[in-house]
$ cat upload.csv   # CSV, C-alpha atoms
chain,number,residue,atom,x,y,z
S,1,MET,CA,30.8,-16.4,-13.4
S,2,GLN,CA,28.3,-15.2,-10.8
S,3,LEU,CA,27.6,-11.5,-10.5
S,4,GLN,CA,26.8,-12.0,-6.9
S,5,GLY,CA,27.8,-14.6,-4.3
S,6,ASN,CA,25.5,-15.5,-1.5
S,7,ASP,CA,27.7,-14.4,1.3
S,8,GLY,CA,25.1,-12.8,3.6
S,9,GLY,CA,25.4,-9.5,1.9
S,10,SER,CA,28.5,-8.1,3.5
S,11,ARG,CA,30.3,-7.7,0.2
S,12,ASN,CA,27.4,-6.3,-1.8
S,13,TYR,CA,26.3,-3.4,0.3
S,14,LEU,CA,26.0,0.2,-0.7
S,15,SER,CA,24.6,3.0,1.5
S,16,SER,CA,21.3,4.7,0.7
S,17,GLN,CA,23.3,7.8,-0.3
S,18,GLU,CA,25.4,5.8,-2.7
S,19,LEU,CA,22.4,4.1,-4.2
S,20,SER,CA,20.6,7.4,-4.7
S,21,VAL,CA,23.6,8.9,-6.4
S,22,LEU,CA,23.8,5.8,-8.7
S,23,LEU,CA,20.1,6.0,-9.7
S,24,GLN,CA,20.2,9.7,-10.3
S,25,SER,CA,23.4,9.4,-12.3
S,26,PHE,CA,21.8,6.7,-14.5
S,27,GLY,CA,18.8,8.9,-15.1
S,28,LYS,CA,21.1,11.6,-16.4
S,29,THR,CA,23.8,9.8,-18.2
S,30,ARG,CA,22.1,6.5,-19.2
S,31,SER,CA,25.5,4.8,-18.5
S,32,LYS,CA,25.3,1.0,-18.9
S,33,GLU,CA,28.0,0.6,-16.3
S,34,VAL,CA,25.9,2.5,-13.7
S,35,PHE,CA,22.9,0.4,-14.8
S,36,ARG,CA,24.9,-2.7,-14.2
S,37,GLN,CA,25.9,-1.5,-10.7
S,38,LEU,CA,22.3,-1.0,-9.8
S,39,PHE,CA,21.5,-4.5,-11.2
S,40,ILE,CA,24.3,-6.1,-9.2
S,41,PHE,CA,23.0,-4.5,-6.0
S,42,PHE,CA,19.3,-4.9,-6.4
S,43,ALA,CA,18.8,-8.1,-8.5
S,44,PRO,CA,19.8,-10.6,-5.8
S,45,ARG,CA,17.5,-8.8,-3.3
S,46,LEU,CA,14.6,-8.6,-5.7
S,47,LYS,CA,15.1,-12.3,-6.4
S,48,ASN,CA,14.6,-13.0,-2.7
S,49,TYR,CA,11.6,-10.7,-2.6
S,50,PHE,CA,9.8,-12.3,-5.6
S,51,LEU,CA,10.6,-15.9,-4.6
S,52,LYS,CA,9.3,-15.3,-1.1
S,53,GLY,CA,6.2,-13.8,-2.7
S,54,GLY,CA,5.4,-17.1,-4.4
S,55,ALA,CA,7.1,-16.6,-7.8
S,56,SER,CA,8.9,-19.6,-9.4
S,57,LEU,CA,12.6,-19.2,-10.3
S,58,GLU,CA,11.7,-18.4,-13.9
S,59,LEU,CA,9.0,-15.9,-13.0
S,60,ALA,CA,11.3,-14.3,-10.4
S,61,ASP,CA,13.9,-13.7,-13.2
S,62,GLU,CA,11.2,-12.3,-15.5
S,63,LEU,CA,10.0,-9.9,-12.8
S,64,ILE,CA,13.5,-8.8,-12.0
S,65,GLN,CA,14.0,-8.0,-15.7
S,66,GLU,CA,10.7,-6.2,-15.8
S,67,THR,CA,11.7,-4.1,-12.8
S,68,PHE,CA,14.9,-3.1,-14.5
S,69,VAL,CA,13.1,-2.3,-17.8
S,70,ILE,CA,11.0,0.2,-15.8
S,71,ILE,CA,14.1,1.6,-14.1
S,72,TRP,CA,15.6,2.0,-17.6
S,73,ARG,CA,12.6,3.8,-18.9
S,74,LYS,CA,11.8,6.0,-15.9
S,75,ALA,CA,15.1,6.7,-14.1
S,76,GLU,CA,15.0,10.3,-15.2
S,77,LEU,CA,11.9,10.8,-13.1
S,78,TYR,CA,13.7,9.8,-9.9
S,79,ASP,CA,13.9,12.6,-7.4
S,80,GLU,CA,16.1,11.9,-4.3
S,81,ARG,CA,14.2,14.4,-2.3
S,82,LYS,CA,11.1,12.3,-2.6
S,83,ALA,CA,12.3,8.8,-1.9
S,84,SER,CA,15.5,6.8,-1.5
S,85,ALA,CA,16.5,4.7,-4.5
S,86,SER,CA,15.5,1.5,-2.6
S,87,THR,CA,12.0,2.9,-1.9
S,88,TRP,CA,11.6,3.9,-5.5
S,89,ILE,CA,12.7,0.5,-6.8
S,90,TYR,CA,10.6,-1.2,-4.1
S,91,THR,CA,7.4,0.5,-5.4
S,92,ILE,CA,8.2,-0.7,-8.9
S,93,ALA,CA,8.8,-4.3,-7.8
S,94,ARG,CA,5.7,-4.3,-5.6
S,95,ASN,CA,3.5,-2.9,-8.4
S,96,LEU,CA,4.8,-5.6,-10.7
S,97,ARG,CA,4.0,-8.3,-8.1
S,98,ILE,CA,0.5,-7.0,-7.7
S,99,ASP,CA,0.1,-6.8,-11.5
S,100,HIS,CA,1.1,-10.4,-11.7
S,101,PHE,CA,-0.6,-12.0,-8.7
S,102,ARG,CA,-3.4,-9.6,-7.7
S,103,LYS,CA,-4.9,-8.4,-10.9
S,104,GLU,CA,-8.0,-7.1,-9.2
S,105,ARG,CA,-6.0,-4.5,-7.4
S,106,ARG,CA,-3.7,-3.4,-10.2
S,107,TYR,CA,-5.6,-0.2,-11.0
S,108,LEU,CA,-4.9,1.0,-7.5
S,109,TYR,CA,-1.1,0.6,-7.8
S,110,LYS,CA,-0.3,2.3,-11.1
S,111,ASP,CA,3.2,3.5,-11.4
S,112,ASP,CA,2.2,6.9,-12.5
S,113,ARG,CA,1.2,8.1,-9.1
S,114,PHE,CA,4.4,7.0,-7.6
S,115,PHE,CA,6.4,8.9,-10.1
S,116,SER,CA,4.4,12.1,-9.9
S,117,LYS,CA,6.4,15.2,-9.7
S,118,GLU,CA,4.7,16.5,-6.7
S,119,LEU,CA,6.5,16.3,-3.4
S,120,VAL,CA,4.6,15.2,-0.4
S,121,VAL,CA,5.8,17.2,2.6
S,122,ASP,CA,4.3,16.7,6.0
S,123,GLU,CA,5.7,17.2,9.4
S,124,THR,CA,5.2,13.5,10.1
S,125,GLN,CA,7.4,12.5,7.2
S,126,PHE,CA,11.1,11.8,7.6
S,127,GLU,CA,13.5,14.6,7.1
S,128,SER,CA,15.7,14.2,4.0
S,129,HIS,CA,18.8,13.4,6.2
S,130,HIS,CA,16.7,10.7,7.7
S,131,GLN,CA,16.0,9.3,4.3
S,132,ALA,CA,19.6,8.8,3.6
S,133,GLN,CA,20.3,7.0,6.9
S,134,LEU,CA,17.0,5.1,6.9
S,135,SER,CA,18.2,1.7,5.7
S,136,GLU,CA,21.1,1.8,8.0
S,137,ARG,CA,18.8,2.6,10.9
S,138,VAL,CA,16.3,-0.1,9.8
S,139,GLN,CA,19.1,-2.7,9.8
S,140,LYS,CA,19.8,-1.8,13.4
S,141,ALA,CA,16.2,-1.3,14.5
S,142,LEU,CA,14.7,-4.6,13.2
S,143,PRO,CA,16.6,-6.9,15.6
S,144,LEU,CA,15.4,-4.7,18.5
S,145,LEU,CA,11.8,-5.6,17.8
S,146,PRO,CA,10.3,-8.5,19.6
S,147,ALA,CA,10.4,-11.6,17.3
S,148,GLU,CA,6.6,-11.9,17.2
S,149,GLN,CA,6.3,-8.3,15.9
S,150,SER,CA,9.0,-8.4,13.2
S,151,LYS,CA,7.6,-11.7,12.0
S,152,ILE,CA,4.3,-10.1,11.3
S,153,ILE,CA,5.8,-7.1,9.6
S,154,LYS,CA,7.8,-9.4,7.3
S,155,LEU,CA,4.9,-11.7,6.6
S,156,ALA,CA,3.0,-8.8,5.0
S,157,PHE,CA,6.2,-7.5,3.3
S,158,TYR,CA,7.5,-10.7,1.7
S,159,GLU,CA,4.5,-13.0,1.5
S,160,ASP,CA,1.8,-10.6,0.6
S,161,ALA,CA,-0.2,-12.0,3.4
S,162,SER,CA,-3.3,-10.0,4.5
S,163,HIS,CA,-4.1,-9.5,8.2
S,164,SER,CA,-6.6,-12.3,8.2
S,165,LYS,CA,-4.2,-14.7,6.4
S,166,ILE,CA,-1.5,-13.9,8.9
S,167,ALA,CA,-4.0,-14.5,11.7
S,168,GLN,CA,-4.9,-17.9,10.2
S,169,TYR,CA,-1.3,-18.8,9.6
S,170,LEU,CA,-0.1,-17.9,13.1
S,171,GLN,CA,-3.4,-19.1,14.7
S,172,LEU,CA,-3.9,-15.8,16.4
S,173,PRO,CA,-7.0,-13.6,16.8
S,174,LEU,CA,-7.2,-11.0,14.0
S,175,GLY,CA,-7.1,-8.2,16.7
S,176,THR,CA,-3.8,-9.6,18.0
S,177,VAL,CA,-2.2,-9.6,14.6
S,178,LYS,CA,-3.3,-6.0,14.0
S,179,SER,CA,-2.1,-4.7,17.4
S,180,ARG,CA,1.3,-6.4,17.0
S,181,MET,CA,1.7,-4.9,13.6
S,182,ARG,CA,0.7,-1.5,15.0
S,183,LEU,CA,3.1,-1.8,18.0
S,184,ALA,CA,5.9,-2.8,15.7
S,185,LEU,CA,5.4,0.2,13.4
S,186,VAL,CA,5.1,2.6,16.3
S,187,ARG,CA,8.3,1.2,17.7
S,188,LEU,CA,10.1,1.3,14.4
S,189,ARG,CA,9.1,4.9,13.8
S,190,LYS,CA,10.6,5.9,17.1
S,191,LEU,CA,13.8,3.9,16.5
S,192,LEU,CA,14.1,5.4,13.0
S,193,LYS,CA,13.6,8.9,14.1
S,194,GLY,CA,16.2,8.5,16.7
S,195,VAL,CA,13.8,9.1,19.5
S,196,GLU,CA,14.9,5.8,21.0
S,197,PRO,CA,18.5,4.8,21.1
V,1,MET,CA,-10.0,19.1,8.4
V,2,ILE,CA,-9.7,15.3,8.6
V,3,ASN,CA,-9.6,14.0,12.2
V,4,HIS,CA,-9.8,10.2,11.8
V,5,HIS,CA,-6.9,8.7,9.9
V,6,LEU,CA,-5.8,5.3,8.7
V,7,SER,CA,-4.2,3.0,11.3
V,8,ASP,CA,-0.6,2.0,11.0
V,9,GLU,CA,-1.4,-1.6,10.4
V,10,THR,CA,-3.8,-0.7,7.5
V,11,LEU,CA,-1.2,1.6,6.0
V,12,TRP,CA,1.5,-1.1,6.2
V,13,ALA,CA,-0.8,-3.7,4.6
V,14,TYR,CA,-1.5,-1.1,1.8
V,15,VAL,CA,2.2,-0.4,1.2
V,16,THR,CA,3.0,-4.1,1.1
V,17,GLY,CA,0.2,-4.7,-1.3
V,18,SER,CA,-1.4,-7.2,1.0
V,19,LEU,CA,-4.7,-5.4,1.6
V,20,PRO,CA,-7.8,-7.0,0.0
V,21,ALA,CA,-9.1,-5.1,-3.0
V,22,GLY,CA,-12.0,-3.2,-1.4
V,23,HIS,CA,-9.9,-2.1,1.6
V,24,ALA,CA,-7.1,-1.0,-0.8
V,25,LEU,CA,-9.7,1.0,-2.7
V,26,LEU,CA,-10.8,2.7,0.5
V,27,VAL,CA,-7.3,3.5,1.5
V,28,SER,CA,-6.4,4.9,-1.8
V,29,CYS,CA,-9.5,7.2,-1.7
V,30,HIS,CA,-8.6,8.4,1.8
V,31,LEU,CA,-5.0,9.0,0.7
V,32,GLU,CA,-6.2,11.2,-2.1
V,33,LEU,CA,-8.1,13.4,0.4
V,34,CYS,CA,-5.6,13.4,3.3
V,35,LYS,CA,-2.2,15.1,3.2
V,36,ALA,CA,-1.2,13.8,6.6
V,37,CYS,CA,-1.7,10.2,5.6
V,38,GLN,CA,0.2,10.9,2.3
V,39,GLY,CA,3.2,11.8,4.5
V,40,ARG,CA,2.7,8.7,6.6
V,41,LEU,CA,2.4,6.6,3.4
V,42,ALA,CA,5.8,8.0,2.3
V,43,GLU,CA,7.2,7.0,5.6
V,44,ALA,CA,5.9,3.4,5.4
V,45,GLU,CA,7.2,3.1,1.8
V,46,ALA,CA,10.6,4.3,3.0
V,47,LEU,CA,10.5,1.5,5.6
V,48,ALA,CA,9.6,-1.0,2.9
V,49,GLY,CA,12.4,0.3,0.7
V,50,ALA,CA,14.8,-0.1,3.6
V,51,LEU,CA,13.6,-3.7,4.2
V,52,LEU,CA,14.4,-4.4,0.5
V,53,GLN,CA,17.8,-2.8,0.7
V,54,THR,CA,18.8,-4.8,3.8
V,55,SER,CA,17.2,-8.1,2.7
V,56,GLU,CA,18.9,-11.4,2.0
V,57,GLN,CA,20.4,-11.9,-1.4
V,58,LEU,CA,20.1,-14.8,-3.8
V,59,ASN,CA,22.4,-15.6,-6.7
V,60,THR,CA,21.5,-14.1,-10.1
V,61,SER,CA,23.4,-15.0,-13.3
V,62,ASP,CA,25.4,-12.8,-15.6
V,63,GLU,CA,23.2,-14.1,-18.4
V,64,LEU,CA,20.2,-12.4,-16.8
V,65,PHE,CA,21.8,-9.0,-17.1
V,66,GLU,CA,22.9,-9.7,-20.7
V,67,ARG,CA,19.4,-10.6,-21.6
V,68,LEU,CA,18.1,-7.5,-19.9
V,69,LEU,CA,20.5,-5.3,-21.9
V,70,LEU,CA,19.4,-6.9,-25.2
V,71,ARG,CA,15.8,-6.2,-24.3
V,72,VAL,CA,16.2,-2.5,-23.2
V,73,GLU,CA,18.6,-1.6,-26.0
V,74,SER,CA,16.2,-2.7,-28.6
V,75,GLU,CA,13.6,-0.3,-27.2
V,76,LYS,CA,12.8,2.9,-28.9
V,77,PRO,CA,13.5,6.0,-26.9
V,78,SER,CA,10.4,6.7,-24.8
V,79,ARG,CA,8.3,9.8,-25.1
V,80,SER,CA,8.7,12.5,-22.5
V,81,LEU,CA,7.6,11.5,-19.0
V,82,SER,CA,7.7,14.9,-17.4
V,83,CYS,CA,4.1,15.9,-16.8
V,84,ILE,CA,2.8,13.2,-14.5
V,85,SER,CA,0.7,14.5,-11.6
V,86,ARG,CA,-1.1,13.1,-8.6
V,87,PRO,CA,-4.7,12.0,-9.2
V,88,LYS,CA,-7.4,14.4,-8.0
V,89,PRO,CA,-11.0,14.0,-7.0
V,90,ARG,CA,-13.6,14.5,-9.8
V,91,GLN,CA,-16.9,16.2,-8.8
V,92,GLY,CA,-15.9,15.4,-5.2
V,93,VAL,CA,-15.5,11.7,-6.0
V,94,PRO,CA,-12.0,10.3,-5.4
V,95,SER,CA,-10.5,9.2,-8.7
V,96,ASP,CA,-10.1,5.5,-8.0
V,97,LEU,CA,-13.8,5.3,-6.9
V,98,TRP,CA,-14.8,7.3,-10.0
V,99,GLY,CA,-12.9,4.6,-11.9
V,100,VAL,CA,-15.1,1.9,-10.4
V,101,LEU,CA,-18.4,3.9,-10.6
V,102,GLY,CA,-17.7,5.5,-14.0
V,103,GLN,CA,-19.8,8.4,-12.8
V,104,GLY,CA,-20.6,10.8,-9.9
V,105,TYR,CA,-22.9,10.0,-6.9
V,106,SER,CA,-26.0,11.6,-8.5
V,107,GLY,CA,-26.3,8.9,-11.2
V,108,ILE,CA,-26.0,5.9,-8.8
V,109,LYS,CA,-29.0,3.4,-8.8
V,110,TRP,CA,-29.4,3.0,-5.0
V,111,LYS,CA,-31.2,0.1,-3.5
V,112,VAL,CA,-33.3,0.6,-0.4
V,113,VAL,CA,-32.2,-1.8,2.3
V,114,GLY,CA,-34.3,-0.4,5.2
V,115,PRO,CA,-35.9,2.9,6.3
V,116,GLY,CA,-33.5,5.7,5.6
V,117,ILE,CA,-30.7,3.5,4.3
V,118,ARG,CA,-29.7,2.7,0.8
V,119,GLN,CA,-26.8,0.9,-0.7
V,120,PHE,CA,-24.9,0.3,-3.9
V,121,VAL,CA,-22.7,-2.8,-3.9
V,122,LEU,CA,-19.5,-1.9,-5.8
V,123,PRO,CA,-18.3,-4.3,-8.5
V,124,VAL,CA,-15.0,-4.8,-6.8
V,125,GLU,CA,-13.6,-8.3,-7.4
V,126,SER,CA,-12.3,-9.6,-4.1
V,127,SER,CA,-11.5,-12.5,-2.0
V,128,GLU,CA,-11.7,-13.5,1.7
V,129,GLY,CA,-15.4,-12.7,2.0
V,130,GLU,CA,-14.9,-9.0,1.5
V,131,LYS,CA,-17.6,-6.7,0.3
V,132,ALA,CA,-17.4,-3.1,-0.7
V,133,ARG,CA,-20.5,-0.9,-0.9
V,134,LEU,CA,-21.6,2.7,-0.9
V,135,LEU,CA,-24.1,3.5,1.8
V,136,LYS,CA,-26.4,6.4,1.8
V,137,LEU,CA,-27.9,7.4,5.2
V,138,SER,CA,-30.8,9.8,5.4
V,139,PRO,CA,-30.5,12.6,8.0
V,140,GLY,CA,-31.3,11.4,11.5
V,141,TYR,CA,-31.8,7.8,10.5
V,142,MET,CA,-30.2,5.4,12.9
V,143,THR,CA,-28.6,2.3,11.5
V,144,PRO,CA,-29.3,-0.9,13.4
V,145,GLU,CA,-26.9,-1.4,16.3
V,146,HIS,CA,-24.3,-3.9,15.3
V,147,SER,CA,-21.0,-5.5,16.1
V,148,HIS,CA,-18.5,-7.2,13.8
V,149,HIS,CA,-17.2,-10.7,13.3
V,150,GLY,CA,-14.5,-9.4,11.2
V,151,SER,CA,-13.7,-5.8,10.5
V,152,GLU,CA,-15.5,-2.9,8.9
V,153,MET,CA,-13.8,0.2,7.4
V,154,THR,CA,-15.8,3.2,6.6
V,155,LEU,CA,-14.8,6.4,4.7
V,156,VAL,CA,-17.1,9.4,4.7
V,157,LEU,CA,-17.5,10.8,1.2
V,158,LYS,CA,-20.3,13.3,1.7
V,159,GLY,CA,-22.1,14.6,4.8
V,160,SER,CA,-21.2,13.2,8.2
V,161,PHE,CA,-22.2,10.7,10.8
V,162,SER,CA,-21.8,10.2,14.5
V,163,ASP,CA,-21.6,7.2,16.7
V,164,GLU,CA,-20.4,6.2,20.2
V,165,THR,CA,-16.8,6.7,19.1
V,166,GLY,CA,-17.1,10.2,17.7
V,167,ARG,CA,-18.1,12.4,14.7
V,168,TYR,CA,-17.0,11.5,11.2
V,169,LYS,CA,-16.9,14.0,8.4
V,170,VAL,CA,-15.7,14.0,4.7
V,171,GLY,CA,-12.4,12.2,4.5
V,172,ASP,CA,-12.6,10.6,7.9
V,173,VAL,CA,-12.0,6.9,8.3
V,174,GLN,CA,-13.5,4.6,10.9
V,175,GLU,CA,-11.9,1.2,11.4
V,176,ALA,CA,-14.2,-1.0,13.5
V,177,ASP,CA,-13.0,-4.4,14.6
V,178,ASP,CA,-14.9,-7.3,16.2
V,179,LEU,CA,-14.9,-5.6,19.6
V,180,VAL,CA,-16.8,-2.5,18.5
V,181,HIS,CA,-20.6,-2.2,19.0
V,182,HIS,CA,-21.9,0.9,17.3
V,183,GLN,CA,-24.9,2.6,15.9
V,184,PRO,CA,-24.0,5.3,13.4
V,185,VAL,CA,-26.4,8.1,12.6
V,186,ALA,CA,-26.3,10.8,9.8
V,187,ASP,CA,-26.1,13.9,11.9
V,188,THR,CA,-26.7,16.8,9.5
V,189,GLU,CA,-29.5,17.9,7.2
V,190,GLU,CA,-27.7,16.3,4.4
V,191,ASP,CA,-27.6,12.7,3.2
V,192,CYS,CA,-24.4,10.9,4.3
V,193,ILE,CA,-22.6,8.9,1.7
V,194,CYS,CA,-19.9,6.4,2.9
V,195,LEU,CA,-17.7,3.8,1.3
V,196,ALA,CA,-18.0,0.8,3.6
V,197,VAL,CA,-15.9,-2.3,3.3
V,198,THR,CA,-16.5,-5.4,5.4
V,199,ASP,CA,-14.4,-8.5,5.4
V,200,ALA,CA,-16.9,-10.7,7.2
V,201,PRO,CA,-20.6,-10.7,7.8
V,202,LEU,CA,-21.9,-8.1,10.2
V,203,ALA,CA,-23.5,-9.4,13.3
V,204,PHE,CA,-26.7,-7.4,14.0
V,205,LYS,CA,-28.2,-7.2,17.5
V,206,GLY,CA,-31.9,-7.4,18.0
V,207,LEU,CA,-34.7,-9.0,15.9
V,208,LEU,CA,-35.5,-6.3,13.4
V,209,PRO,CA,-31.8,-5.8,12.4
V,210,LYS,CA,-31.7,-9.6,12.0
V,211,LEU,CA,-34.6,-9.4,9.6
V,212,LEU,CA,-32.9,-6.6,7.7
V,213,GLN,CA,-29.6,-8.5,7.4
V,214,PRO,CA,-30.6,-10.4,4.3
V,215,PHE,CA,-31.3,-7.1,2.6
V,216,PHE,CA,-27.7,-6.0,3.1
V,217,GLY,CA,-26.7,-9.1,1.2
V,218,ILE,CA,-24.0,-9.9,3.7
$ encode --input "upload.csv" --output "structure tokens"
Amino acid sequence: MQLQGNDGGSRNYLSSQELSVLLQSFGKTRSKEVFRQLFIFFAPRLKNYFLKGGASLELADELIQETFVIIWRKAELYDERKASASTWIYTIARNLRIDHFRKERRYLYKDDRFFSKELVVDETQFESHHQAQLSERVQKALPLLPAEQSKIIKLAFYEDASHSKIAQYLQLPLGTVKSRMRLALVRLRKLLKGVEP
Amino acid sequence: MINHHLSDETLWAYVTGSLPAGHALLVSCHLELCKACQGRLAEAEALAGALLQTSEQLNTSDELFERLLLRVESEKPSRSLSCISRPKPRQGVPSDLWGVLGQGYSGIKWKVVGPGIRQFVLPVESSEGEKARLLKLSPGYMTPEHSHHGSEMTLVLKGSFSDETGRYKVGDVQEADDLVHHQPVADTEEDCICLAVTDAPLAFKGLLPKLLQPFFGI
């Protein structure tokens, strides 16, 4: 039996709020059932993330396991005021990917600093109610970006491609890549803050 | 008060882990000094988290979860995790840079590269023709006017400098791309120490700067 069918994600979707509740509850109760629910939600998405980043099937499975080993160990440090569950788990997965593929940078992406107790508060940061709605808003906002912009955002996200690699790959001047990425992020920020409909 | 911040595209590259090592070091040093960019980092990370949450899914097997359970259940309960805190500068040196240098600025063996300018190339392993160095500008000394083939990022660590684009003080970042021509000058009585990262050779204008170029080792 498969835990998760590849049905475009409609069946396996939880809101940010539900995910944060799950992660927090696992931190407190250590319930295997809650752990399993987190796995069912995130493992198929992490698999996509790691495979697109250049991992083999075996390595992707290994990195998914390692991500969940860290979730198992550190869930009690999760603080929903600081980040959504998806963001928290993303930073774990990204750090593992760097640890594996970009050893020369691993000292800059130690987990410790992402799990620090201190809360970063700044007027530019999303309000907590935005945090909860963020993924839903991103889902709506991404298709509103011009294709050339969202492509560049995703190339960096999935394929770990630097600005100059993206420029090479798309045969664009470096400056164009940077300005499209900047425009995309400015636009996304407006969309996510609800400044634009 | 920091006036010159990281650009959105640089922050996004840092968040996705796609920034070359020297650039990532510079970003992480700036973040340690700049509250505003810490907030923007959290925002960019939230966006990355949302991308993961809404991403495509690929089948994973039951067996993978069973293996995971076996692995975590055999672990001993971990020690307490409660006292983790954010890294802090040490003797004014951002902690990641301290990690690379193993010491403060006073112990650095600078190499003279021209009148009033010294450098120390950082042992940062990197790709894509990138170089990370500390530069020390003597007060009033004008660096050769130059433009860029690729990009140059500079973070002021001590003192300040000015150029055509403005004044840069401790914590300020300058991102110069291939369109920028500039001629930075340390503008106080104090030496100016910067972390400078280039991802392609600088193109110096004029004969003397061309003669100096080999000394920069770029």
$ interface_residues --input "upload.csv" --of "chain V" --to "chain S" --cutoff "7 Å" --atoms "all atoms listed in the file" --output "JSON, numbers by chain"
{"V": [8, 9, 13, 16, 17, 18, 19, 21, 25, 36, 38, 39, 40, 42, 43, 45, 46, 48, 49, 50, 52, 53, 54, 55, 56, 57, 58, 59, 60, 61, 62, 68, 72, 78, 84, 85, 86, 96, 125]}
$ write_last_selection --input "upload.csv" --atoms "C-alpha atoms" --output "mmCIF file, in the frame of the given file"
data_model
loop_
_atom_site.group_PDB
_atom_site.id
_atom_site.type_symbol
_atom_site.label_atom_id
_atom_site.label_comp_id
_atom_site.auth_asym_id
_atom_site.auth_seq_id
_atom_site.Cartn_x
_atom_site.Cartn_y
_atom_site.Cartn_z
ATOM 1 C CA ASP V 8 -0.600 2.000 11.000
ATOM 2 C CA GLU V 9 -1.400 -1.600 10.400
ATOM 3 C CA ALA V 13 -0.800 -3.700 4.600
ATOM 4 C CA THR V 16 3.000 -4.100 1.100
ATOM 5 C CA GLY V 17 0.200 -4.700 -1.300
ATOM 6 C CA SER V 18 -1.400 -7.200 1.000
ATOM 7 C CA LEU V 19 -4.700 -5.400 1.600
ATOM 8 C CA ALA V 21 -9.100 -5.100 -3.000
ATOM 9 C CA LEU V 25 -9.700 1.000 -2.700
ATOM 10 C CA ALA V 36 -1.200 13.800 6.600
ATOM 11 C CA GLN V 38 0.200 10.900 2.300
ATOM 12 C CA GLY V 39 3.200 11.800 4.500
ATOM 13 C CA ARG V 40 2.700 8.700 6.600
ATOM 14 C CA ALA V 42 5.800 8.000 2.300
ATOM 15 C CA GLU V 43 7.200 7.000 5.600
ATOM 16 C CA GLU V 45 7.200 3.100 1.800
ATOM 17 C CA ALA V 46 10.600 4.300 3.000
ATOM 18 C CA ALA V 48 9.600 -1.000 2.900
ATOM 19 C CA GLY V 49 12.400 0.300 0.700
ATOM 20 C CA ALA V 50 14.800 -0.100 3.600
ATOM 21 C CA LEU V 52 14.400 -4.400 0.500
ATOM 22 C CA GLN V 53 17.800 -2.800 0.700
ATOM 23 C CA THR V 54 18.800 -4.800 3.800
ATOM 24 C CA SER V 55 17.200 -8.100 2.700
ATOM 25 C CA GLU V 56 18.900 -11.400 2.000
ATOM 26 C CA GLN V 57 20.400 -11.900 -1.400
ATOM 27 C CA LEU V 58 20.100 -14.800 -3.800
ATOM 28 C CA ASN V 59 22.400 -15.600 -6.700
ATOM 29 C CA THR V 60 21.500 -14.100 -10.100
ATOM 30 C CA SER V 61 23.400 -15.000 -13.300
ATOM 31 C CA ASP V 62 25.400 -12.800 -15.600
ATOM 32 C CA LEU V 68 18.100 -7.500 -19.900
ATOM 33 C CA VAL V 72 16.200 -2.500 -23.200
ATOM 34 C CA SER V 78 10.400 6.700 -24.800
ATOM 35 C CA ILE V 84 2.800 13.200 -14.500
ATOM 36 C CA SER V 85 0.700 14.500 -11.600
ATOM 37 C CA ARG V 86 -1.100 13.100 -8.600
ATOM 38 C CA ASP V 96 -10.100 5.500 -8.000
ATOM 39 C CA GLU V 125 -13.600 -8.300 -7.400
#
$ closest_residue --input "upload.csv" --among "V:Asp177, V:Glu190, V:Asp199, V:Glu73" --to "V:Ser7" --atoms "only C-alpha atoms"
V:Asp177
$ atom_distance --input "upload.csv" --atom1 "atom CA of V:Arg133" --atom2 "atom CA of S:Asp111"
26.3 Å
$ closest_residue --input "upload.csv" --among "V:Leu11, V:Leu6, V:Arg118, V:Ala44" --to "V:Ala176" --atoms "only C-alpha atoms"
V:Leu6
$ atom_distance --input "upload.csv" --atom1 "atom CA of V:Phe161" --atom2 "atom CA of V:Ser126"
27.1 Å
$ atom_distance --input "upload.csv" --atom1 "atom CA of V:Gly104" --atom2 "atom CA of V:Val170"
15.7 Å
$ residues_around --input "upload.csv" --residues "V:Cys192" --least-positions-apart "2" --cutoff "12 Å" --atoms "only C-alpha atoms" --output "ChimeraX atom specification"
/V:105,116-119,134-143,154-162,168-170,184-190,194-196
$ residues_around --input "upload.csv" --residues "V:Val27" --least-positions-apart "3" --cutoff "8 Å" --atoms "all atoms listed in the file" --output "PDB file with C-alpha atoms, in the frame of the given file"
ATOM      1  CA  LEU V   6      -5.800   5.300   8.700  1.00  0.00           C
ATOM      2  CA  LEU V  11      -1.200   1.600   6.000  1.00  0.00           C
ATOM      3  CA  TYR V  14      -1.500  -1.100   1.800  1.00  0.00           C
ATOM      4  CA  HIS V  23      -9.900  -2.100   1.600  1.00  0.00           C
ATOM      5  CA  ALA V  24      -7.100  -1.000  -0.800  1.00  0.00           C
ATOM      6  CA  HIS V  30      -8.600   8.400   1.800  1.00  0.00           C
ATOM      7  CA  LEU V  31      -5.000   9.000   0.700  1.00  0.00           C
TER       8      LEU V  31
END
